[in-house]
Amino acid sequence: MEKPFTIDINCDLGESFGIYKIGNDEEMMKYVSSVNIACGFHAGDPSTMRKTVSLALQAGVAIGAHPGFPDLQGFGRREMNISPAEIYDITLYQISALKGFIEAEGGSLHHVKPHGALYNLAATNGEVAEAIARAIFHLDKQLILYGLAGSRLISEGKKLGLQIANEGFVDRTYNVKGQLTPRTNPNATITSEELALKQVMKIVKEQKVVATAGEEVSVEVDTICIHGDGEKAVQFAKMLQRQLTNNQILIDSIKKDGSN
């Protein structure tokens, strides 16, 4: 009997801070298998971190840290010119903070996924990628590193012996090199729900995406990201879950022994 397709669906959550509420975290957790919680630098705050961790533990989803540049105004989507040593420090600081909240609630940290500009920079910059991977390795060698499929972040994590998870995106377009189209480009995001669902199915079943120039590009994907801050985020998450289920594709978190 053929083994069924299985995919991890992850979502960036815990992005509210102070009096500002972003997304519907509790609802989104019903449709994903893992979550990446903001650690206070690009979004989130201590109270939001604690509350989101509590919701995630109740929902039974795998919990990851989502460290970013210290850029609240830019939501961590603006690149900052800081040294690899500082990258190491801010990564270790943020992961450690979230790990503390998780363990205080009786849970354990599952993975780490950098956010925004830090994620994109680590995809191509070896020094940045190595600094992030080292911070994770030094804190907890059992943590899984989520990174863009085929990126420098993935290769640097492998060098250190970390378990890695290649990530694909539902609503982002790709170039011919398999890299995400920069958000500064008008065609960086996929706004059509139909096209987004089509891209997911191609990624999961064929391990390929269609680049913006029309070429098919191979991508090895273990986990797929959906964004939780959009106006129709919950509605789309429901549609995605239904689409995958109807195609006999299981949604499950990545196990720490490497199996899924």
# chains A, B, ... in the order shown; residues from 1 in each chain; ligands from 1
>>> residues_around(residues="Ala122 in chain A", least_positions_apart="6", cutoff="7 Å", atoms="only C-alpha atoms", output="ChimeraX atom specification")
/A:128-129,152-153
>>> closest_atom_pairs(of="range 4-56 of chain A", to="range 196-217 of chain A", cutoff="12 Å", atoms="only C-alpha atoms", output="JSON lines")
{"residue": "A:Pro4", "atom": "CA", "partner": "A:Lys205", "partner_atom": "CA", "distance": 10.4}
{"residue": "A:Phe5", "atom": "CA", "partner": "A:Lys205", "partner_atom": "CA", "distance": 7.5}
{"residue": "A:Thr6", "atom": "CA", "partner": "A:Val204", "partner_atom": "CA", "distance": 8.2}
{"residue": "A:Ile7", "atom": "CA", "partner": "A:Val204", "partner_atom": "CA", "distance": 7.2}
{"residue": "A:Asp8", "atom": "CA", "partner": "A:Val204", "partner_atom": "CA", "distance": 10.2}
{"residue": "A:Ile9", "atom": "CA", "partner": "A:Val200", "partner_atom": "CA", "distance": 10.5}
>>> select_by_dssp(residues="range 16-260 of chain A", states="alpha helix (DSSP H)", output="PyMOL selection string")
chain A and resi 25-28+46-59+84-104+116-124+126-139+152-160+193-206+233-246
>>> closest_residue(among="A:Cys225, A:Ala131, A:Ala188, A:Ile87", to="Asn36 in chain A", atoms="only C-alpha atoms")
A:Cys225
>>> select_by_dssp(residues="range 81-203 of chain A", states="strand (DSSP E or B)", output="PDB file with all heavy atoms, in the first residue's frame")
ATOM      1  N   HIS A 111      10.926  23.928  17.598  1.00  0.00           N
ATOM      2  CA  HIS A 111      11.714  24.391  16.453  1.00  0.00           C
ATOM      3  C   HIS A 111      11.977  25.891  16.522  1.00  0.00           C
ATOM      4  O   HIS A 111      11.446  26.594  17.383  1.00  0.00           O
ATOM      5  CB  HIS A 111      11.005  24.043  15.145  1.00  0.00           C
ATOM      6  CG  HIS A 111       9.701  24.770  14.941  1.00  0.00           C
ATOM      7  ND1 HIS A 111       8.495  24.310  15.428  1.00  0.00           N
ATOM      8  CD2 HIS A 111       9.415  25.945  14.302  1.00  0.00           C
ATOM      9  CE1 HIS A 111       7.525  25.151  15.095  1.00  0.00           C
ATOM     10  NE2 HIS A 111       8.067  26.148  14.419  1.00  0.00           N
ATOM     11  N   VAL A 112      12.790  26.351  15.592  1.00  0.00           N
ATOM     12  CA  VAL A 112      13.086  27.780  15.445  1.00  0.00           C
ATOM     13  C   VAL A 112      12.965  28.141  13.972  1.00  0.00           C
ATOM     14  O   VAL A 112      13.498  27.448  13.105  1.00  0.00           O
ATOM     15  CB  VAL A 112      14.508  28.135  15.938  1.00  0.00           C
ATOM     16  CG1 VAL A 112      14.801  29.619  15.698  1.00  0.00           C
ATOM     17  CG2 VAL A 112      14.677  27.789  17.409  1.00  0.00           C
ATOM     18  N   ILE A 144      14.612  21.810  15.962  1.00  0.00           N
ATOM     19  CA  ILE A 144      14.563  21.714  14.505  1.00  0.00           C
ATOM     20  C   ILE A 144      14.670  23.122  13.921  1.00  0.00           C
ATOM     21  O   ILE A 144      14.000  24.048  14.396  1.00  0.00           O
ATOM     22  CB  ILE A 144      13.262  21.050  14.037  1.00  0.00           C
ATOM     23  CG1 ILE A 144      13.115  19.654  14.667  1.00  0.00           C
ATOM     24  CG2 ILE A 144      13.226  20.930  12.510  1.00  0.00           C
ATOM     25  CD1 ILE A 144      11.753  19.009  14.437  1.00  0.00           C
ATOM     26  N   LEU A 145      15.497  23.287  12.912  1.00  0.00           N
ATOM     27  CA  LEU A 145      15.664  24.586  12.250  1.00  0.00           C
ATOM     28  C   LEU A 145      14.809  24.626  10.996  1.00  0.00           C
ATOM     29  O   LEU A 145      14.996  23.839  10.068  1.00  0.00           O
ATOM     30  CB  LEU A 145      17.135  24.812  11.899  1.00  0.00           C
ATOM     31  CG  LEU A 145      17.461  26.023  11.015  1.00  0.00           C
ATOM     32  CD1 LEU A 145      16.979  27.321  11.662  1.00  0.00           C
ATOM     33  CD2 LEU A 145      18.955  26.084  10.730  1.00  0.00           C
ATOM     34  N   TYR A 146      13.830  25.553  10.965  1.00  0.00           N
ATOM     35  CA  TYR A 146      13.003  25.760   9.779  1.00  0.00           C
ATOM     36  C   TYR A 146      13.658  26.845   8.925  1.00  0.00           C
ATOM     37  O   TYR A 146      13.993  27.924   9.424  1.00  0.00           O
ATOM     38  CB  TYR A 146      11.603  26.252  10.167  1.00  0.00           C
ATOM     39  CG  TYR A 146      10.646  25.213  10.681  1.00  0.00           C
ATOM     40  CD1 TYR A 146      11.062  24.115  11.420  1.00  0.00           C
ATOM     41  CD2 TYR A 146       9.282  25.337  10.438  1.00  0.00           C
ATOM     42  CE1 TYR A 146      10.155  23.176  11.898  1.00  0.00           C
ATOM     43  CE2 TYR A 146       8.360  24.404  10.907  1.00  0.00           C
ATOM     44  CZ  TYR A 146       8.807  23.328  11.646  1.00  0.00           C
ATOM     45  OH  TYR A 146       7.906  22.404  12.119  1.00  0.00           O
ATOM     46  N   GLY A 147      13.820  26.563   7.630  1.00  0.00           N
ATOM     47  CA  GLY A 147      14.399  27.554   6.725  1.00  0.00           C
ATOM     48  C   GLY A 147      13.901  27.352   5.309  1.00  0.00           C
ATOM     49  O   GLY A 147      13.346  26.296   4.978  1.00  0.00           O
ATOM     50  N   LEU A 148      14.099  28.361   4.472  1.00  0.00           N
ATOM     51  CA  LEU A 148      13.670  28.278   3.079  1.00  0.00           C
ATOM     52  C   LEU A 148      14.320  27.081   2.405  1.00  0.00           C
ATOM     53  O   LEU A 148      15.532  26.870   2.523  1.00  0.00           O
ATOM     54  CB  LEU A 148      14.045  29.567   2.339  1.00  0.00           C
ATOM     55  CG  LEU A 148      13.617  29.649   0.867  1.00  0.00           C
ATOM     56  CD1 LEU A 148      12.094  29.668   0.743  1.00  0.00           C
ATOM     57  CD2 LEU A 148      14.216  30.878   0.197  1.00  0.00           C
ATOM     58  N   GLN A 163      18.771  19.075  13.087  1.00  0.00           N
ATOM     59  CA  GLN A 163      17.698  18.562  12.237  1.00  0.00           C
ATOM     60  C   GLN A 163      17.078  19.765  11.539  1.00  0.00           C
ATOM     61  O   GLN A 163      16.796  20.792  12.173  1.00  0.00           O
ATOM     62  CB  GLN A 163      16.640  17.829  13.066  1.00  0.00           C
ATOM     63  CG  GLN A 163      15.519  17.229  12.215  1.00  0.00           C
ATOM     64  CD  GLN A 163      14.496  16.486  13.055  1.00  0.00           C
ATOM     65  OE1 GLN A 163      14.771  16.077  14.187  1.00  0.00           O
ATOM     66  NE2 GLN A 163      13.315  16.295  12.514  1.00  0.00           N
ATOM     67  N   ILE A 164      16.868  19.669  10.246  1.00  0.00           N
ATOM     68  CA  ILE A 164      16.344  20.814   9.496  1.00  0.00           C
ATOM     69  C   ILE A 164      14.988  20.478   8.872  1.00  0.00           C
ATOM     70  O   ILE A 164      14.651  19.309   8.675  1.00  0.00           O
ATOM     71  CB  ILE A 164      17.338  21.301   8.411  1.00  0.00           C
ATOM     72  CG1 ILE A 164      17.754  20.163   7.459  1.00  0.00           C
ATOM     73  CG2 ILE A 164      18.579  21.901   9.061  1.00  0.00           C
ATOM     74  CD1 ILE A 164      16.869  19.966   6.279  1.00  0.00           C
ATOM     75  N   ALA A 165      14.224  21.524   8.575  1.00  0.00           N
ATOM     76  CA  ALA A 165      12.950  21.374   7.879  1.00  0.00           C
ATOM     77  C   ALA A 165      12.919  22.382   6.744  1.00  0.00           C
ATOM     78  O   ALA A 165      12.963  23.599   6.976  1.00  0.00           O
ATOM     79  CB  ALA A 165      11.785  21.608   8.830  1.00  0.00           C
ATOM     80  N   ASN A 166      12.896  21.884   5.516  1.00  0.00           N
ATOM     81  CA  ASN A 166      12.791  22.756   4.344  1.00  0.00           C
ATOM     82  C   ASN A 166      11.376  23.314   4.255  1.00  0.00           C
ATOM     83  O   ASN A 166      10.399  22.563   4.292  1.00  0.00           O
ATOM     84  CB  ASN A 166      13.102  21.962   3.080  1.00  0.00           C
ATOM     85  CG  ASN A 166      14.577  21.688   2.899  1.00  0.00           C
ATOM     86  OD1 ASN A 166      15.354  22.574   2.576  1.00  0.00           O
ATOM     87  ND2 ASN A 166      14.979  20.434   3.127  1.00  0.00           N
ATOM     88  N   GLU A 167      11.281  24.640   4.105  1.00  0.00           N
ATOM     89  CA  GLU A 167       9.975  25.293   4.134  1.00  0.00           C
ATOM     90  C   GLU A 167       9.568  25.830   2.765  1.00  0.00           C
ATOM     91  O   GLU A 167      10.371  26.372   2.013  1.00  0.00           O
ATOM     92  CB  GLU A 167      10.003  26.456   5.137  1.00  0.00           C
ATOM     93  CG  GLU A 167       8.665  27.149   5.292  1.00  0.00           C
ATOM     94  CD  GLU A 167       8.694  28.250   6.336  1.00  0.00           C
ATOM     95  OE1 GLU A 167       9.711  28.970   6.417  1.00  0.00           O
ATOM     96  OE2 GLU A 167       7.692  28.393   7.067  1.00  0.00           O
ATOM     97  N   GLY A 168       8.288  25.661   2.462  1.00  0.00           N
ATOM     98  CA  GLY A 168       7.685  26.262   1.274  1.00  0.00           C
ATOM     99  C   GLY A 168       6.576  27.212   1.700  1.00  0.00           C
ATOM    100  O   GLY A 168       6.134  27.184   2.861  1.00  0.00           O
ATOM    101  N   PHE A 169       6.105  28.036   0.764  1.00  0.00           N
ATOM    102  CA  PHE A 169       5.099  29.048   1.095  1.00  0.00           C
ATOM    103  C   PHE A 169       3.867  28.939   0.206  1.00  0.00           C
ATOM    104  O   PHE A 169       3.982  28.755  -1.010  1.00  0.00           O
ATOM    105  CB  PHE A 169       5.708  30.452   0.985  1.00  0.00           C
ATOM    106  CG  PHE A 169       6.656  30.779   2.099  1.00  0.00           C
ATOM    107  CD1 PHE A 169       7.953  30.301   2.077  1.00  0.00           C
ATOM    108  CD2 PHE A 169       6.247  31.527   3.192  1.00  0.00           C
ATOM    109  CE1 PHE A 169       8.840  30.565   3.109  1.00  0.00           C
ATOM    110  CE2 PHE A 169       7.118  31.798   4.239  1.00  0.00           C
ATOM    111  CZ  PHE A 169       8.417  31.328   4.194  1.00  0.00           C
ATOM    112  N   ARG A 172       3.422  32.998  -1.438  1.00  0.00           N
ATOM    113  CA  ARG A 172       4.551  33.765  -1.940  1.00  0.00           C
ATOM    114  C   ARG A 172       5.007  33.179  -3.276  1.00  0.00           C
ATOM    115  O   ARG A 172       4.973  31.969  -3.483  1.00  0.00           O
ATOM    116  CB  ARG A 172       5.724  33.722  -0.940  1.00  0.00           C
ATOM    117  CG  ARG A 172       5.445  34.406   0.387  1.00  0.00           C
ATOM    118  CD  ARG A 172       5.298  35.910   0.250  1.00  0.00           C
ATOM    119  NE  ARG A 172       6.457  36.526  -0.380  1.00  0.00           N
ATOM    120  CZ  ARG A 172       7.575  36.846   0.263  1.00  0.00           C
ATOM    121  NH1 ARG A 172       7.690  36.570   1.545  1.00  0.00           N
ATOM    122  NH2 ARG A 172       8.567  37.417  -0.378  1.00  0.00           N
ATOM    123  N   TYR A 174       7.980  32.573  -6.331  1.00  0.00           N
ATOM    124  CA  TYR A 174       9.384  32.154  -6.357  1.00  0.00           C
ATOM    125  C   TYR A 174      10.053  32.607  -7.651  1.00  0.00           C
ATOM    126  O   TYR A 174       9.406  32.711  -8.693  1.00  0.00           O
ATOM    127  CB  TYR A 174       9.486  30.627  -6.282  1.00  0.00           C
ATOM    128  CG  TYR A 174       9.140  30.020  -4.953  1.00  0.00           C
ATOM    129  CD1 TYR A 174       7.810  29.908  -4.535  1.00  0.00           C
ATOM    130  CD2 TYR A 174      10.130  29.526  -4.103  1.00  0.00           C
ATOM    131  CE1 TYR A 174       7.487  29.321  -3.311  1.00  0.00           C
ATOM    132  CE2 TYR A 174       9.815  28.947  -2.880  1.00  0.00           C
ATOM    133  CZ  TYR A 174       8.496  28.847  -2.496  1.00  0.00           C
ATOM    134  OH  TYR A 174       8.187  28.271  -1.292  1.00  0.00           O
ATOM    135  N   LEU A 180      12.401  33.215  -2.698  1.00  0.00           N
ATOM    136  CA  LEU A 180      11.176  33.994  -2.644  1.00  0.00           C
ATOM    137  C   LEU A 180      11.350  35.324  -3.375  1.00  0.00           C
ATOM    138  O   LEU A 180      12.397  35.967  -3.271  1.00  0.00           O
ATOM    139  CB  LEU A 180      10.773  34.273  -1.193  1.00  0.00           C
ATOM    140  CG  LEU A 180      10.409  33.074  -0.326  1.00  0.00           C
ATOM    141  CD1 LEU A 180      10.045  33.539   1.074  1.00  0.00           C
ATOM    142  CD2 LEU A 180       9.272  32.272  -0.935  1.00  0.00           C
ATOM    143  N   THR A 189       3.454  38.366  -3.719  1.00  0.00           N
ATOM    144  CA  THR A 189       2.464  37.542  -3.026  1.00  0.00           C
ATOM    145  C   THR A 189       1.391  37.037  -3.985  1.00  0.00           C
ATOM    146  O   THR A 189       1.083  37.678  -4.992  1.00  0.00           O
ATOM    147  CB  THR A 189       1.777  38.323  -1.883  1.00  0.00           C
ATOM    148  OG1 THR A 189       1.154  39.491  -2.423  1.00  0.00           O
ATOM    149  CG2 THR A 189       2.794  38.746  -0.835  1.00  0.00           C
TER     150      THR A 189
END
>>> closest_residue(among="A:Glu86, A:Glu220, A:Asp45, A:Asp257", to="Phe101 in chain A", atoms="only C-alpha atoms")
A:Asp45
>>> closest_residue(among="A:Ala56, A:Ile254, A:Leu139, A:Val32", to="Met239 in chain A", atoms="only C-alpha atoms")
A:Val32
>>> closest_residue(among="A:His227, A:Lys177, A:Lys21, A:Arg78", to="Thr124 in chain A", atoms="only C-alpha atoms")
A:Lys177
>>> closest_residue(among="A:Phe236, A:Phe17, A:Phe137, A:Phe69", to="Ser47 in chain A", atoms="only C-alpha atoms")
A:Phe17
>>> atom_distance(atom1="CA of Leu109 in chain A", atom2="CA of Ser34 in chain A")
11.0 Å
>>> residues_around(residues="range 59-65 of chain A", least_positions_apart="2", cutoff="9 Å", atoms="only C-alpha atoms", output="PyMOL selection string")
chain A and resi 10+26+29-30+32-39+53-57+67+94-96+98-99+102+107-114+143-144+252-254
>>> write_last_selection(atoms="N, CA, C and O atoms", output="tab-separated table (two decimals), in the first residue's frame")
chain	number	residue	atom	x	y	z
A	10	ASN	N	2.68	25.21	9.07
A	10	ASN	CA	3.06	26.12	10.16
A	10	ASN	C	2.51	27.52	9.92
A	10	ASN	O	2.21	27.90	8.79
A	26	GLU	N	-6.12	31.89	18.22
A	26	GLU	CA	-6.83	30.70	18.72
A	26	GLU	C	-7.52	29.96	17.58
A	26	GLU	O	-7.49	28.72	17.52
A	29	MET	N	-5.00	28.12	15.11
A	29	MET	CA	-4.39	26.90	15.66
A	29	MET	C	-5.21	25.64	15.39
A	29	MET	O	-4.71	24.54	15.50
A	30	LYS	N	-6.48	25.81	15.01
A	30	LYS	CA	-7.33	24.66	14.72
A	30	LYS	C	-6.98	24.00	13.39
A	30	LYS	O	-7.37	22.87	13.14
A	32	VAL	N	-3.67	24.17	11.79
A	32	VAL	CA	-2.24	24.00	11.52
A	32	VAL	C	-1.67	22.94	12.46
A	32	VAL	O	-2.32	22.52	13.42
A	33	SER	N	-0.44	22.50	12.17
A	33	SER	CA	0.19	21.50	13.04
A	33	SER	C	1.35	22.07	13.83
A	33	SER	O	1.82	21.45	14.79
A	34	SER	N	1.85	23.26	13.44
A	34	SER	CA	2.91	23.90	14.22
A	34	SER	C	2.78	25.42	14.12
A	34	SER	O	2.24	25.93	13.13
A	35	VAL	N	3.26	26.10	15.15
A	35	VAL	CA	3.17	27.56	15.18
A	35	VAL	C	4.54	28.16	15.50
A	35	VAL	O	5.35	27.56	16.20
A	36	ASN	N	4.76	29.36	14.97
A	36	ASN	CA	6.00	30.11	15.22
A	36	ASN	C	5.61	31.37	15.97
A	36	ASN	O	4.90	32.22	15.42
A	37	ILE	N	6.04	31.49	17.20
A	37	ILE	CA	5.59	32.59	18.06
A	37	ILE	C	6.62	33.72	18.10
A	37	ILE	O	7.80	33.48	18.41
A	38	ALA	N	6.16	34.92	17.78
A	38	ALA	CA	7.02	36.11	17.81
A	38	ALA	C	7.59	36.30	19.21
A	38	ALA	O	6.91	36.04	20.21
A	39	CYS	N	8.84	36.76	19.27
A	39	CYS	CA	9.58	36.81	20.54
A	39	CYS	C	9.80	38.23	21.07
A	39	CYS	O	10.68	38.44	21.91
A	53	VAL	N	1.60	30.86	23.95
A	53	VAL	CA	2.15	29.56	24.35
A	53	VAL	C	1.06	28.71	25.00
A	53	VAL	O	0.90	27.52	24.69
A	54	SER	N	0.28	29.31	25.89
A	54	SER	CA	-0.79	28.59	26.58
A	54	SER	C	-1.83	28.06	25.58
A	54	SER	O	-2.27	26.91	25.66
A	55	LEU	N	-2.21	28.90	24.62
A	55	LEU	CA	-3.17	28.48	23.60
A	55	LEU	C	-2.62	27.34	22.74
A	55	LEU	O	-3.33	26.40	22.41
A	56	ALA	N	-1.34	27.44	22.41
A	56	ALA	CA	-0.71	26.41	21.57
A	56	ALA	C	-0.65	25.07	22.29
A	56	ALA	O	-0.88	24.01	21.68
A	57	LEU	N	-0.34	25.10	23.58
A	57	LEU	CA	-0.30	23.86	24.36
A	57	LEU	C	-1.69	23.23	24.46
A	57	LEU	O	-1.84	22.01	24.36
A	67	PRO	N	12.27	34.34	15.94
A	67	PRO	CA	13.09	35.54	16.21
A	67	PRO	C	13.25	36.40	14.96
A	67	PRO	O	13.33	35.89	13.84
A	94	GLN	N	16.16	35.85	21.98
A	94	GLN	CA	14.74	35.68	21.70
A	94	GLN	C	14.27	34.24	21.90
A	94	GLN	O	13.22	33.98	22.48
A	95	ILE	N	15.08	33.30	21.41
A	95	ILE	CA	14.72	31.89	21.57
A	95	ILE	C	14.66	31.53	23.06
A	95	ILE	O	13.74	30.84	23.51
A	96	SER	N	15.64	32.01	23.81
A	96	SER	CA	15.70	31.70	25.24
A	96	SER	C	14.48	32.24	25.98
A	96	SER	O	13.94	31.57	26.88
A	98	LEU	N	11.39	32.78	24.77
A	98	LEU	CA	10.21	31.97	24.48
A	98	LEU	C	10.32	30.60	25.12
A	98	LEU	O	9.34	30.07	25.67
A	99	LYS	N	11.50	30.02	25.11
A	99	LYS	CA	11.73	28.70	25.72
A	99	LYS	C	11.35	28.75	27.21
A	99	LYS	O	10.76	27.80	27.74
A	102	ILE	N	7.56	28.66	27.55
A	102	ILE	CA	7.04	27.32	27.22
A	102	ILE	C	7.27	26.35	28.37
A	102	ILE	O	6.36	25.62	28.79
A	107	GLY	N	5.55	22.83	28.79
A	107	GLY	CA	5.76	22.34	27.44
A	107	GLY	C	7.23	22.34	27.06
A	107	GLY	O	8.11	22.53	27.91
A	108	SER	N	7.51	22.10	25.79
A	108	SER	CA	8.89	22.13	25.31
A	108	SER	C	8.94	22.78	23.93
A	108	SER	O	8.00	22.66	23.13
A	109	LEU	N	10.05	23.46	23.67
A	109	LEU	CA	10.24	24.13	22.39
A	109	LEU	C	10.56	23.09	21.32
A	109	LEU	O	11.39	22.20	21.54
A	110	HIS	N	9.93	23.19	20.17
A	110	HIS	CA	10.04	22.21	19.10
A	110	HIS	C	11.00	22.65	18.00
A	110	HIS	O	11.81	21.87	17.52
A	111	HIS	N	10.93	23.93	17.60
A	111	HIS	CA	11.71	24.39	16.45
A	111	HIS	C	11.98	25.89	16.52
A	111	HIS	O	11.45	26.59	17.38
A	112	VAL	N	12.79	26.35	15.59
A	112	VAL	CA	13.09	27.78	15.45
A	112	VAL	C	12.97	28.14	13.97
A	112	VAL	O	13.50	27.45	13.10
A	113	LYS	N	12.26	29.24	13.72
A	113	LYS	CA	12.14	29.75	12.36
A	113	LYS	C	12.35	31.26	12.38
A	113	LYS	O	11.54	31.99	12.96
A	114	PRO	N	13.44	31.77	11.78
A	114	PRO	CA	13.64	33.22	11.74
A	114	PRO	C	12.50	33.90	10.99
A	114	PRO	O	11.81	33.29	10.17
A	143	LEU	N	16.63	21.04	18.83
A	143	LEU	CA	15.65	21.89	18.15
A	143	LEU	C	15.75	21.72	16.63
A	143	LEU	O	16.83	21.53	16.08
A	144	ILE	N	14.61	21.81	15.96
A	144	ILE	CA	14.56	21.71	14.50
A	144	ILE	C	14.67	23.12	13.92
A	144	ILE	O	14.00	24.05	14.40
A	252	ASP	N	0.47	17.04	9.81
A	252	ASP	CA	1.07	16.60	11.07
A	252	ASP	C	2.40	17.33	11.27
A	252	ASP	O	3.09	17.66	10.31
A	253	SER	N	2.76	17.55	12.53
A	253	SER	CA	4.03	18.22	12.83
A	253	SER	C	5.20	17.29	12.56
A	253	SER	O	5.05	16.08	12.49
A	254	ILE	N	6.38	17.88	12.41
A	254	ILE	CA	7.60	17.12	12.15
A	254	ILE	C	8.11	16.52	13.46
A	254	ILE	O	8.23	17.22	14.46
>>> closest_residue(among="A:Ser16, A:Asn81, A:Thr173, A:Thr245", to="Ala117 in chain A", atoms="only C-alpha atoms")
A:Asn81
>>> residues_around(residues="Val234 in chain A", least_positions_apart="4", cutoff="12 Å", atoms="only C-alpha atoms", output="list in words")
Cys11, Gly23, Asn24, Asp25, Glu26, Glu27, Met28, Met29, Lys30, Tyr31, Val32, Ile226, His227, Gly228, Asp229, Gly230, Lys238, Met239, Leu240 and Gln241 of chain A
>>> residues_around(residues="Gly18 in chain A", least_positions_apart="2", cutoff="12 Å", atoms="only C-alpha atoms", output="PDB file with C-alpha atoms, in the first residue's frame")
ATOM      1  CA  GLY A  14       1.676  35.800  18.690  1.00  0.00           C
ATOM      2  CA  GLU A  15       2.149  39.043  16.753  1.00  0.00           C
ATOM      3  CA  SER A  16      -0.084  41.258  18.899  1.00  0.00           C
ATOM      4  CA  TYR A  20      -2.693  46.202  19.291  1.00  0.00           C
ATOM      5  CA  LYS A  21      -4.340  42.913  18.307  1.00  0.00           C
ATOM      6  CA  ILE A  22      -3.076  41.169  15.175  1.00  0.00           C
ATOM      7  CA  GLY A  40       9.098  40.545  21.142  1.00  0.00           C
ATOM      8  CA  ALA A  43       6.204  41.751  17.153  1.00  0.00           C
ATOM      9  CA  GLY A  44       4.724  40.319  20.321  1.00  0.00           C
ATOM     10  CA  ASP A  45       5.434  41.163  23.951  1.00  0.00           C
ATOM     11  CA  PRO A  46       5.888  39.108  27.142  1.00  0.00           C
ATOM     12  CA  SER A  47       2.166  38.827  27.924  1.00  0.00           C
ATOM     13  CA  THR A  48       1.322  37.909  24.324  1.00  0.00           C
ATOM     14  CA  MET A  49       4.086  35.293  24.318  1.00  0.00           C
ATOM     15  CA  LEU A  72       8.888  46.804  15.673  1.00  0.00           C
TER      16      LEU A  72
END
>>> atom_distance(atom1="CA of Leu118 in chain A", atom2="CA of Glu79 in chain A")
6.9 Å
>>> atom_distance(atom1="CA of Pro84 in chain A", atom2="CA of Glu127 in chain A")
6.2 Å
